[in-house]
>>> print(open('input_33.cif').read())   # mmCIF, C-alpha atoms and all ligand atoms
data_entry
#
loop_
_atom_site.label_atom_id
_atom_site.label_comp_id
_atom_site.auth_asym_id
_atom_site.auth_seq_id
_atom_site.Cartn_x
_atom_site.Cartn_y
_atom_site.Cartn_z
CA ASP A 378 0.45 44.03 83.49
CA LYS A 379 -1.84 46.24 81.45
CA GLY A 380 1.08 48.28 80.11
CA GLY A 381 -0.55 51.60 80.88
CA TYR A 382 -3.89 50.67 79.30
CA LYS A 383 -7.15 50.73 81.22
CA HIS A 384 -7.98 47.17 80.22
CA PHE A 385 -6.16 44.11 78.91
CA MET A 386 -8.51 44.19 75.95
CA ALA A 387 -7.32 47.70 74.97
CA LYS A 388 -3.71 46.58 75.32
CA GLU A 389 -4.33 43.46 73.26
CA ILE A 390 -6.10 45.42 70.52
CA ALA A 391 -3.16 47.82 70.39
CA GLU A 392 -0.64 44.96 70.24
CA GLN A 393 -2.00 43.71 66.95
CA PRO A 394 0.50 45.42 64.65
CA SER A 395 3.42 43.83 66.53
CA VAL A 396 1.96 40.36 67.06
CA MET A 397 0.86 40.18 63.46
CA SER A 398 4.44 40.99 62.46
CA ALA A 399 5.57 38.11 64.66
CA ALA A 400 3.07 35.73 63.03
CA LEU A 401 4.17 36.83 59.57
CA SER A 402 7.86 36.48 60.25
CA ALA A 403 7.32 32.98 61.62
CA TYR A 404 5.87 31.78 58.31
CA LEU A 405 7.08 34.15 55.60
CA THR A 406 10.64 33.78 54.35
CA ASP A 407 12.27 35.62 51.46
CA THR A 408 11.32 32.79 49.16
CA GLY A 409 7.73 32.32 50.26
CA ILE A 410 5.52 30.63 52.82
CA ALA A 411 7.31 28.07 54.99
CA LEU A 412 5.54 25.65 57.34
CA PRO A 413 7.25 23.68 60.09
CA ASP A 414 7.98 20.00 59.34
CA PRO A 415 6.30 17.83 58.21
CA GLY A 416 4.39 20.59 56.39
CA ILE A 417 1.10 20.02 54.59
CA ASP A 418 0.88 18.43 51.15
CA PHE A 419 -2.06 20.50 49.93
CA ALA A 420 -1.93 19.02 46.43
CA ARG A 421 -3.18 15.76 47.95
CA VAL A 422 -5.85 17.17 50.25
CA GLU A 423 -9.27 16.61 48.69
CA ARG A 424 -11.29 18.37 51.33
CA LEU A 425 -10.74 20.18 54.56
CA VAL A 426 -12.90 20.08 57.67
CA MET A 427 -12.37 23.03 60.02
CA VAL A 428 -13.78 22.92 63.54
CA ALA A 429 -13.66 25.40 66.43
CA CYS A 430 -15.77 27.42 68.90
CA GLY A 431 -16.65 31.09 69.23
CA THR A 432 -14.22 33.54 67.70
CA ALA A 433 -11.93 30.73 66.53
CA TYR A 434 -14.94 29.36 64.60
CA TYR A 435 -15.38 32.72 62.87
CA ALA A 436 -11.71 32.60 61.90
CA CYS A 437 -12.41 29.17 60.33
CA PHE A 438 -15.49 30.51 58.59
CA THR A 439 -13.45 33.35 57.08
CA ALA A 440 -10.79 30.84 56.01
CA LYS A 441 -13.42 28.78 54.20
CA TYR A 442 -13.89 31.70 51.79
CA TRP A 443 -10.12 31.90 51.30
CA PHE A 444 -9.50 28.18 50.78
CA GLU A 445 -12.39 27.87 48.37
CA LYS A 446 -11.71 30.98 46.32
CA LEU A 447 -7.92 31.00 46.29
CA ALA A 448 -7.18 27.29 46.34
CA GLY A 449 -10.36 25.70 44.95
CA LEU A 450 -10.34 23.44 48.00
CA PRO A 451 -13.75 22.36 49.34
CA VAL A 452 -14.05 23.26 53.02
CA GLU A 453 -16.62 22.34 55.61
CA VAL A 454 -16.68 24.44 58.78
CA ASP A 455 -18.46 23.51 61.95
CA ILE A 456 -18.92 24.46 65.55
CA ALA A 457 -17.16 21.85 67.68
CA SER A 458 -20.13 21.15 69.98
CA GLU A 459 -22.30 20.29 66.95
CA PHE A 460 -19.66 18.45 64.98
CA ARG A 461 -18.70 16.05 67.77
CA TYR A 462 -22.21 14.82 68.51
CA ARG A 463 -23.43 14.77 64.93
CA GLU A 464 -20.74 12.20 64.22
CA PRO A 465 -20.38 13.25 60.58
CA PRO A 466 -18.68 10.96 58.07
CA VAL A 467 -15.03 11.92 57.57
CA LEU A 468 -14.12 10.39 54.22
CA PRO A 469 -10.64 9.40 52.98
CA GLY A 470 -8.96 12.44 51.41
CA THR A 471 -10.14 14.67 54.25
CA SER A 472 -7.76 16.64 56.43
CA ALA A 473 -9.05 18.13 59.67
CA LEU A 474 -7.98 21.51 61.01
CA PHE A 475 -8.79 22.73 64.53
CA VAL A 476 -8.41 26.33 65.62
CA SER A 477 -8.15 27.31 69.27
CA GLN A 478 -6.46 30.14 71.12
CA SER A 479 -6.14 28.20 74.39
CA GLY A 480 -5.76 24.79 72.80
CA GLU A 481 -7.84 23.42 75.69
CA THR A 482 -11.45 23.99 74.63
CA ALA A 483 -13.25 20.78 75.59
CA ASP A 484 -15.53 20.53 72.56
CA THR A 485 -12.76 21.31 70.08
CA LEU A 486 -10.51 18.71 71.68
CA ALA A 487 -13.30 16.12 71.56
CA ALA A 488 -13.91 16.92 67.88
CA LEU A 489 -10.20 16.43 67.22
CA ARG A 490 -10.26 13.04 68.96
CA TYR A 491 -13.31 12.07 66.95
CA CYS A 492 -11.32 12.73 63.75
CA ARG A 493 -8.18 10.97 64.97
CA ASP A 494 -8.58 7.68 63.11
CA LYS A 495 -10.82 9.02 60.38
CA ALA A 496 -9.04 12.01 58.83
CA ASP A 497 -5.87 11.67 56.74
CA ALA A 498 -4.17 14.23 58.96
CA ILE A 499 -4.93 16.43 61.96
CA TYR A 500 -3.71 20.01 61.96
CA SER A 501 -4.20 22.78 64.47
CA VAL A 502 -3.76 26.52 64.65
CA ILE A 503 -3.18 27.38 68.30
CA ASN A 504 -1.74 30.07 70.53
CA VAL A 505 -0.45 27.80 73.29
CA PRO A 506 2.12 25.35 71.88
CA GLU A 507 2.05 23.11 74.99
CA SER A 508 -1.75 22.76 74.88
CA SER A 509 -3.66 19.49 74.51
CA ILE A 510 -4.92 20.34 71.01
CA ALA A 511 -1.38 21.15 69.86
CA ARG A 512 0.03 17.96 71.38
CA GLU A 513 -2.60 15.76 69.78
CA SER A 514 -2.14 17.20 66.27
CA ASP A 515 0.11 15.89 63.52
CA LEU A 516 1.17 19.47 62.93
CA ALA A 517 0.42 22.40 65.25
CA LEU A 518 0.88 25.89 63.88
CA PRO A 519 1.39 28.56 66.55
CA ILE A 520 -0.13 31.98 65.92
CA HIS A 521 2.46 33.93 67.99
CA ALA A 522 -0.12 36.26 69.54
CA GLY A 523 1.44 36.14 73.03
CA ALA A 524 -0.65 35.68 76.16
CA GLU A 525 -4.24 36.86 75.69
CA ILE A 526 -5.82 37.79 79.03
CA GLY A 527 -9.05 39.58 78.07
CA VAL A 528 -11.95 37.14 77.78
CA ALA A 529 -12.91 38.74 74.48
CA SER A 530 -10.49 37.39 71.92
CA THR A 531 -8.88 40.12 69.79
CA LYS A 532 -5.24 39.68 68.85
CA ALA A 533 -5.63 35.90 68.74
CA PHE A 534 -8.34 36.34 66.09
CA THR A 535 -6.20 38.48 63.76
CA CYS A 536 -3.23 36.16 64.25
CA GLN A 537 -5.43 33.12 63.53
CA LEU A 538 -6.60 34.84 60.36
CA THR A 539 -3.01 35.60 59.38
CA VAL A 540 -1.89 31.98 59.71
CA LEU A 541 -5.03 30.67 57.99
CA LEU A 542 -4.59 33.06 55.07
CA LEU A 543 -0.98 31.93 54.66
CA LEU A 544 -2.22 28.32 54.64
CA ALA A 545 -4.81 29.15 52.00
CA LEU A 546 -2.13 30.83 49.87
CA LYS A 547 0.14 27.82 50.33
CA ALA A 548 -2.74 25.57 49.27
CA ALA A 549 -3.43 27.78 46.25
CA GLU A 550 0.20 27.49 45.18
CA ALA A 551 0.33 23.74 45.70
CA ARG A 552 -2.83 23.29 43.66
CA GLY A 553 -1.53 25.52 40.84
CA ARG A 554 -4.26 28.09 41.38
CA LEU A 555 -2.29 31.22 42.13
CA ASP A 556 -0.23 33.10 39.58
CA PRO A 557 3.00 34.56 40.98
CA GLU A 558 1.88 38.13 40.32
CA ALA A 559 -1.33 37.81 42.35
CA ARG A 560 0.59 36.06 45.09
CA ASP A 561 3.21 38.81 45.25
CA GLU A 562 0.55 41.50 45.40
CA ILE A 563 -1.11 39.78 48.36
CA LEU A 564 2.16 39.08 50.15
CA THR A 565 3.36 42.66 49.71
CA ALA A 566 0.13 44.02 51.18
CA LEU A 567 0.29 41.44 53.95
CA ARG A 568 3.84 42.49 54.86
CA ALA A 569 2.61 46.08 55.03
CA MET A 570 -0.41 45.12 57.13
CA PRO A 571 1.08 45.91 60.57
CA GLY A 572 1.49 49.52 59.39
CA THR A 573 -2.02 49.49 57.93
CA PHE A 574 -3.27 48.23 61.32
CA ASN A 575 -1.73 51.31 62.95
CA THR A 576 -3.67 53.56 60.60
CA ALA A 577 -6.89 51.68 61.44
CA LEU A 578 -6.20 51.96 65.18
CA GLY A 579 -5.92 55.71 64.56
CA ARG A 580 -9.67 55.77 63.74
CA ASP A 581 -10.35 55.25 67.41
CA GLU A 582 -11.99 58.65 68.01
CA VAL A 583 -14.68 58.27 65.34
CA ILE A 584 -15.43 54.80 66.65
CA GLU A 585 -15.59 55.98 70.22
CA ALA A 586 -18.06 58.72 69.27
CA ALA A 587 -20.31 56.16 67.54
CA ALA A 588 -19.98 53.84 70.54
CA GLN A 589 -21.28 56.49 72.94
CA GLN A 590 -24.59 56.29 71.10
CA LEU A 591 -24.53 52.57 70.39
CA ALA A 592 -24.35 52.10 74.16
CA GLU A 593 -27.97 53.35 74.37
CA ALA A 594 -29.30 50.68 72.01
CA ARG A 595 -31.04 47.51 73.09
CA ASP A 596 -30.45 45.65 69.83
CA ILE A 597 -27.82 46.12 67.15
CA LEU A 598 -27.57 44.42 63.76
CA PHE A 599 -24.38 43.66 61.86
CA LEU A 600 -24.44 43.11 58.10
CA GLY A 601 -21.75 41.88 55.74
CA ARG A 602 -21.41 39.99 52.48
CA GLY A 603 -18.73 37.57 51.29
CA LEU A 604 -15.64 37.85 53.49
CA MET A 605 -17.41 40.47 55.57
CA TYR A 606 -20.13 38.03 56.64
CA PRO A 607 -18.00 35.97 59.05
CA LEU A 608 -16.56 39.25 60.28
CA ALA A 609 -20.03 40.64 60.94
CA LEU A 610 -20.68 37.52 63.06
CA GLU A 611 -17.47 38.13 64.96
CA GLY A 612 -18.34 41.82 65.48
CA ALA A 613 -21.73 40.87 66.92
CA LEU A 614 -20.21 38.24 69.22
CA LYS A 615 -17.62 40.71 70.51
CA LEU A 616 -20.25 43.34 71.19
CA LYS A 617 -22.67 41.06 73.01
CA GLU A 618 -19.93 39.44 75.09
CA ILE A 619 -18.66 42.61 76.69
CA SER A 620 -21.45 45.21 76.39
CA TYR A 621 -24.38 42.79 77.01
CA ILE A 622 -26.26 44.48 74.16
CA HIS A 623 -28.17 42.04 72.01
CA ALA A 624 -26.31 41.97 68.71
CA GLU A 625 -26.98 39.77 65.71
CA ALA A 626 -25.23 39.41 62.41
CA TYR A 627 -26.71 38.51 59.05
CA ALA A 628 -25.39 38.01 55.58
CA SER A 629 -26.61 41.20 53.85
CA GLY A 630 -28.50 39.17 51.27
CA GLU A 631 -30.57 37.57 54.03
CA LEU A 632 -31.94 40.91 55.18
CA LYS A 633 -35.15 40.69 53.20
CA HIS A 634 -35.69 37.11 54.26
CA GLY A 635 -36.58 38.16 57.78
CA PRO A 636 -34.34 40.43 59.82
CA ILE A 637 -35.43 43.63 58.07
CA ALA A 638 -38.62 43.32 60.11
CA LEU A 639 -36.54 44.34 63.13
CA VAL A 640 -35.27 47.57 61.61
CA ASP A 641 -36.50 50.92 62.90
CA SER A 642 -34.85 54.03 64.27
CA ASN A 643 -34.03 52.25 67.53
CA VAL A 644 -31.92 49.53 65.95
CA PRO A 645 -28.50 50.73 64.78
CA VAL A 646 -27.07 48.69 61.90
CA ILE A 647 -23.33 48.24 61.50
CA VAL A 648 -22.46 47.56 57.87
CA MET A 649 -19.00 46.21 57.08
CA ALA A 650 -18.41 46.92 53.39
CA PRO A 651 -15.14 47.78 51.69
CA LYS A 652 -15.61 48.91 48.09
CA ASP A 653 -15.02 45.43 46.76
CA SER A 654 -16.71 43.26 44.14
CA LEU A 655 -19.84 42.95 46.32
CA PHE A 656 -20.11 46.56 47.49
CA GLU A 657 -22.99 47.63 45.21
CA LYS A 658 -25.15 44.82 46.50
CA THR A 659 -24.45 45.62 50.13
CA VAL A 660 -25.15 49.32 49.54
CA SER A 661 -28.59 48.49 48.23
CA ASN A 662 -29.27 46.51 51.44
CA MET A 663 -28.03 49.49 53.40
CA GLN A 664 -30.44 51.77 51.57
CA GLU A 665 -33.29 49.46 52.50
CA VAL A 666 -32.27 49.86 56.12
CA MET A 667 -32.08 53.66 55.87
CA ALA A 668 -35.45 53.84 54.11
CA ARG A 669 -36.93 52.29 57.26
CA GLY A 670 -35.32 54.84 59.54
CA GLY A 671 -32.40 52.58 60.50
CA ARG A 672 -29.21 54.35 61.57
CA VAL A 673 -26.30 52.94 59.60
CA CYS A 674 -22.73 52.91 60.83
CA LEU A 675 -20.70 52.06 57.74
CA VAL A 676 -17.19 50.66 58.00
CA THR A 677 -15.59 51.04 54.59
CA ASP A 678 -12.72 52.61 52.63
CA ALA A 679 -12.51 56.07 51.02
CA ALA A 680 -14.16 54.97 47.77
CA GLY A 681 -16.93 53.24 49.70
CA ALA A 682 -17.54 56.30 51.85
CA ALA A 683 -17.80 58.51 48.77
CA ALA A 684 -20.18 56.11 47.03
CA ALA A 685 -22.43 55.54 50.06
CA GLY A 686 -23.91 59.03 50.12
CA ASP A 687 -24.56 61.31 53.07
CA GLU A 688 -27.54 59.62 54.69
CA VAL A 689 -25.21 57.29 56.52
CA TRP A 690 -25.24 58.00 60.27
CA LYS A 691 -21.52 57.32 60.95
CA THR A 692 -18.71 56.31 58.62
CA VAL A 693 -15.45 54.72 59.67
CA VAL A 694 -12.95 55.03 56.83
CA LEU A 695 -10.15 52.47 56.62
CA PRO A 696 -7.14 52.31 54.29
CA ASP A 697 -7.43 50.41 50.98
CA VAL A 698 -6.22 46.83 50.99
CA PRO A 699 -6.64 44.01 48.47
CA GLU A 700 -10.07 42.41 48.89
CA VAL A 701 -8.65 39.16 50.20
CA LEU A 702 -7.08 40.98 53.17
CA THR A 703 -10.15 42.91 54.30
CA PRO A 704 -11.13 40.53 57.15
CA LEU A 705 -7.83 41.22 58.90
CA LEU A 706 -8.17 44.97 58.73
CA TYR A 707 -11.91 45.21 59.37
CA ALA A 708 -11.56 43.12 62.53
CA LEU A 709 -9.99 46.13 64.25
CA PRO A 710 -12.94 48.55 64.07
CA ALA A 711 -15.25 45.66 65.05
CA GLN A 712 -13.18 45.14 68.21
CA LEU A 713 -12.94 48.86 68.95
CA LEU A 714 -16.69 49.33 68.55
CA ALA A 715 -17.33 46.57 71.08
CA TYR A 716 -14.66 47.88 73.42
CA HIS A 717 -15.82 51.50 73.48
CA THR A 718 -19.48 50.52 73.74
CA ALA A 719 -18.68 48.36 76.76
CA VAL A 720 -16.59 51.11 78.35
CA ALA A 721 -19.46 53.57 77.79
CA LYS A 722 -21.80 51.12 79.51
CA GLY A 723 -19.38 50.59 82.37
CA THR A 724 -19.31 46.79 82.13
CA ASP A 725 -16.39 44.60 83.17
CA VAL A 726 -14.58 44.58 79.85
CA ASP A 727 -11.88 42.05 80.65
CA GLN A 728 -14.01 39.66 82.66
CA PRO A 729 -17.57 39.87 81.39
CA ARG A 730 -20.22 38.17 83.49
CA ASN A 731 -20.89 34.46 83.01
CA LEU A 732 -17.84 33.92 80.77
CA ALA A 733 -14.50 32.18 81.24
CA LYS A 734 -11.40 32.66 79.12
CA SER A 735 -11.02 29.00 78.47
CA VAL A 736 -14.02 26.68 78.23
CA THR A 737 -12.56 23.38 79.40
CA VAL A 738 -15.89 21.85 80.40
CA GLU A 739 -18.88 21.35 78.14
O1 LIG B 1 -9.50 29.01 73.29
P1 LIG B 1 -10.43 28.88 72.13
O2 LIG B 1 -9.98 29.68 70.95
O3 LIG B 1 -10.70 27.46 71.75
O4 LIG B 1 -11.79 29.51 72.62
C1 LIG B 1 -12.93 29.49 71.81
C2 LIG B 1 -14.00 30.40 72.34
O5 LIG B 1 -14.36 30.03 73.64
C3 LIG B 1 -13.57 31.87 72.34
O6 LIG B 1 -13.15 32.30 71.09
C4 LIG B 1 -14.72 32.77 72.83
O7 LIG B 1 -15.77 32.75 71.92
C5 LIG B 1 -14.19 34.18 73.07
N1 LIG B 1 -14.59 34.64 74.37
C6 LIG B 1 -14.64 35.17 72.03
O8 LIG B 1 -14.22 36.46 72.28
#
>>> encode(input="input_33.cif", output="structure tokens", more="lines below")
Ligand code: M6R
Amino acid sequence: DKGGYKHFMAKEIAEQPSVMSAALSAYLTDTGIALPDPGIDFARVERLVMVACGTAYYACFTAKYWFEKLAGLPVEVDIASEFRYREPPVLPGTSALFVSQSGETADTLAALRYCRDKADAIYSVINVPESSIARESDLALPIHAGAEIGVASTKAFTCQLTVLLLLALKAAEARGRLDPEARDEILTALRAMPGTFNTALGRDEVIEAAAQQLAEARDILFLGRGLMYPLALEGALKLKEISYIHAEAYASGELKHGPIALVDSNVPVIVMAPKDSLFEKTVSNMQEVMARGGRVCLVTDAAGAAAAGDEVWKTVVLPDVPEVLTPLLYALPAQLLAYHTAVAKGTDVDQPRNLAKSVTVE
């Protein structure tokens, strides 16, 4: 049942405020972050290996920034299909964490089995509690997103991010890296995030207008720095999956190492850049794009919009949130851009060609 929406994807994008609330209330109590038994003793984890495919991999990649910065925990992230055949050493002190919406992705499950007797513990972040990946983990953490029907993952991604951020905060606490004040600021903003999501979903018209023109493009670039880099990758994946437009994401700092050669007036560039500690650097990359005739669609906050100047082609302005929470919020315009571009192109949004919801064969 599409609940009155034209597509499951639109419904699932719109459900994000409520499913994120569900994910938060499952793990956040009055006294702090609570994990189901047996919990995770983060003080003893020396390193974390995170493995997944597709969108779930980008959730892991985002979480790497969180675990490293907030908790000082070294994290390796990998794509399951590479990890399993590379047969990497998994040293004592390593915990392994697998992320999967379906919990049935063949490569992710094989990577989990590879780690079985090597890692100290196997954890998973899943949407389907009865799934194989959940059953074969020492601790499976459900994301509470509800059934996701659209092939393009949307609400599962933001719920994966929510659970992973709570884990990173828990790790930061356990490792004595987070002062209570900083923690409270993040948790307060996180509790308010479902409301902030609603504000972001209200930017739909601006995004739809940009999408009408993006639909004409043959290639689109996504740029982001820091926490916005994994999100740029996710935005490009979402767009190519459902609109069939060739989209590629780069870390902004990589622009001059190659991809800038692609930029001309035919290649729109989506820049994800809240006015955070890295904003100035991203803006200078954006100016390089505009100097070559590139049309920039900037997704930012009010301060970022004011600082970016008026040569920007389109600006999507989001509410202010603490830097650490930006991936959650900026995921929404990335999904909406893909959705509206696909609708403008008339593709099959919920069941794009050549793709299956759950990849249970290699
Ligand atoms: O069920 P999983 O989370 O393990 O699936 C992983 C990928 O197949 C999945 O995220 C895929 O990339 C989506 N179609 C992305 O929108």
>>> residues_around(input="input_33.cif", residues="Gly579 of chain A", least_positions_apart="3", cutoff="12 Å", atoms="only C-alpha atoms", output="compact mmCIF listing (two decimals) with C-alpha atoms, in the frame of the given file")
# COMPACT_ATOMS: atom_id res chain seq x y z
CA ILE A 390 -6.10 45.42 70.52
CA ALA A 391 -3.16 47.82 70.39
CA GLY A 572 1.49 49.52 59.39
CA THR A 573 -2.02 49.49 57.93
CA PHE A 574 -3.27 48.23 61.32
CA ASN A 575 -1.73 51.31 62.95
CA THR A 576 -3.67 53.56 60.60
CA GLU A 582 -11.99 58.65 68.01
CA VAL A 583 -14.68 58.27 65.34
CA ILE A 584 -15.43 54.80 66.65
CA GLU A 585 -15.59 55.98 70.22
CA VAL A 693 -15.45 54.72 59.67
CA VAL A 694 -12.95 55.03 56.83
CA LEU A 695 -10.15 52.47 56.62
CA PRO A 696 -7.14 52.31 54.29
CA LEU A 709 -9.99 46.13 64.25
CA PRO A 710 -12.94 48.55 64.07
CA LEU A 713 -12.94 48.86 68.95
>>> atom_distance(input="input_33.cif", atom1="atom CA of Asp494 of chain A", atom2="atom CA of Pro465 of chain A")
13.3 Å
>>> closest_atom_pairs(input="input_33.cif", of="chain A", to="ligand LIG 1 (chain B)", cutoff="6 Å", atoms="all atoms listed in the file", output="JSON lines")
{"residue": "A:Cys430", "atom": "CA", "partner": "B:LIG1", "partner_atom": "C1", "distance": 4.6}
{"residue": "A:Gly431", "atom": "CA", "partner": "B:LIG1", "partner_atom": "O7", "distance": 3.3}
{"residue": "A:Thr432", "atom": "CA", "partner": "B:LIG1", "partner_atom": "O6", "distance": 3.8}
{"residue": "A:Ala433", "atom": "CA", "partner": "B:LIG1", "partner_atom": "O2", "distance": 4.9}
{"residue": "A:Ser477", "atom": "CA", "partner": "B:LIG1", "partner_atom": "O2", "distance": 3.4}
{"residue": "A:Gln478", "atom": "CA", "partner": "B:LIG1", "partner_atom": "O2", "distance": 3.6}
{"residue": "A:Ser479", "atom": "CA", "partner": "B:LIG1", "partner_atom": "O1", "distance": 3.6}
{"residue": "A:Gly480", "atom": "CA", "partner": "B:LIG1", "partner_atom": "O1", "distance": 5.7}
{"residue": "A:Thr482", "atom": "CA", "partner": "B:LIG1", "partner_atom": "O3", "distance": 4.6}
{"residue": "A:Val528", "atom": "CA", "partner": "B:LIG1", "partner_atom": "N1", "distance": 5.0}
{"residue": "A:Ala529", "atom": "CA", "partner": "B:LIG1", "partner_atom": "O8", "distance": 3.4}
{"residue": "A:Ser530", "atom": "CA", "partner": "B:LIG1", "partner_atom": "O8", "distance": 3.9}
{"residue": "A:Lys615", "atom": "CA", "partner": "B:LIG1", "partner_atom": "O8", "distance": 5.7}
{"residue": "A:Ser735", "atom": "CA", "partner": "B:LIG1", "partner_atom": "O1", "distance": 5.4}
{"residue": "A:Val736", "atom": "CA", "partner": "B:LIG1", "partner_atom": "O5", "distance": 5.7}
>>> closest_residue(input="input_33.cif", among="A:Leu450, A:Ala436, A:Ile526, A:Leu412", to="Asp378 of chain A", atoms="all atoms listed in the file")
A:Ile526
>>> closest_residue(input="input_33.cif", among="A:Leu486, A:Ala420, A:Val666, A:Met386", to="Val738 of chain A", atoms="all atoms listed in the file")
A:Leu486
>>> residues_around(input="input_33.cif", residues="Gln590 of chain A", least_positions_apart="2", cutoff="12 Å", atoms="all atoms listed in the file", output="NGL selection string")
:A and (583-588 or 592-595 or 597 or 643-645 or 672 or 674 or 690-691 or 714 or 717-722)
>>> write_last_selection(input="input_33.cif", atoms="C-alpha atoms", output="short mmCIF file (atom, residue, chain, number, x, y, z; two decimals), keeping the file's coordinate frame")
data_model
loop_
_atom_site.label_atom_id
_atom_site.label_comp_id
_atom_site.auth_asym_id
_atom_site.auth_seq_id
_atom_site.Cartn_x
_atom_site.Cartn_y
_atom_site.Cartn_z
CA VAL A 583 -14.68 58.27 65.34
CA ILE A 584 -15.43 54.80 66.65
CA GLU A 585 -15.59 55.98 70.22
CA ALA A 586 -18.06 58.72 69.27
CA ALA A 587 -20.31 56.16 67.54
CA ALA A 588 -19.98 53.84 70.54
CA ALA A 592 -24.35 52.10 74.16
CA GLU A 593 -27.97 53.35 74.37
CA ALA A 594 -29.30 50.68 72.01
CA ARG A 595 -31.04 47.51 73.09
CA ILE A 597 -27.82 46.12 67.15
CA ASN A 643 -34.03 52.25 67.53
CA VAL A 644 -31.92 49.53 65.95
CA PRO A 645 -28.50 50.73 64.78
CA ARG A 672 -29.21 54.35 61.57
CA CYS A 674 -22.73 52.91 60.83
CA TRP A 690 -25.24 58.00 60.27
CA LYS A 691 -21.52 57.32 60.95
CA LEU A 714 -16.69 49.33 68.55
CA HIS A 717 -15.82 51.50 73.48
CA THR A 718 -19.48 50.52 73.74
CA ALA A 719 -18.68 48.36 76.76
CA VAL A 720 -16.59 51.11 78.35
CA ALA A 721 -19.46 53.57 77.79
CA LYS A 722 -21.80 51.12 79.51
#
>>> closest_residue(input="input_33.cif", among="A:Asp653, A:Asp414, A:Glu665, A:Asp727", to="Ala638 of chain A", atoms="all atoms listed in the file")
A:Glu665
>>> closest_residue(input="input_33.cif", among="A:Thr703, A:Ser458, A:Ser661, A:Thr531", to="Ala685 of chain A", atoms="all atoms listed in the file")
A:Ser661
>>> residues_around(input="input_33.cif", residues="Ala522 of chain A", least_positions_apart="6", cutoff="7 Å", atoms="all atoms listed in the file", output="list in words")
Val396, Asn504, Lys532, Ala533 and Cys536 of chain A
>>> atom_distance(input="input_33.cif", atom1="atom CA of Arg490 of chain A", atom2="atom CA of Arg463 of chain A")
13.9 Å
>>> atom_distance(input="input_33.cif", atom1="atom CA of Leu543 of chain A", atom2="atom CA of Pro506 of chain A")
18.7 Å
>>> residues_around(input="input_33.cif", residues="segment 620-630 of chain A", least_positions_apart="5", cutoff="7 Å", atoms="all atoms listed in the file", output="MDAnalysis selection string")
chainID A and resid 595:602 606 609:610 613 659 662 715 718:719 722 724
>>> closest_residue(input="input_33.cif", among="A:Gln728, A:Ser514, A:Ser509, A:Thr408", to="Phe385 of chain A", atoms="only C-alpha atoms")
A:Gln728
>>> closest_residue(input="input_33.cif", among="A:Ile410, A:Leu632, A:Ala498, A:Val540", to="Arg560 of chain A", atoms="only C-alpha atoms")
A:Ile410
>>> residues_around(input="input_33.cif", residues="Ala683 of chain A", least_positions_apart="5", cutoff="10 Å", atoms="all atoms listed in the file", output="PyMOL selection string")
chain A and resi 652+677-678
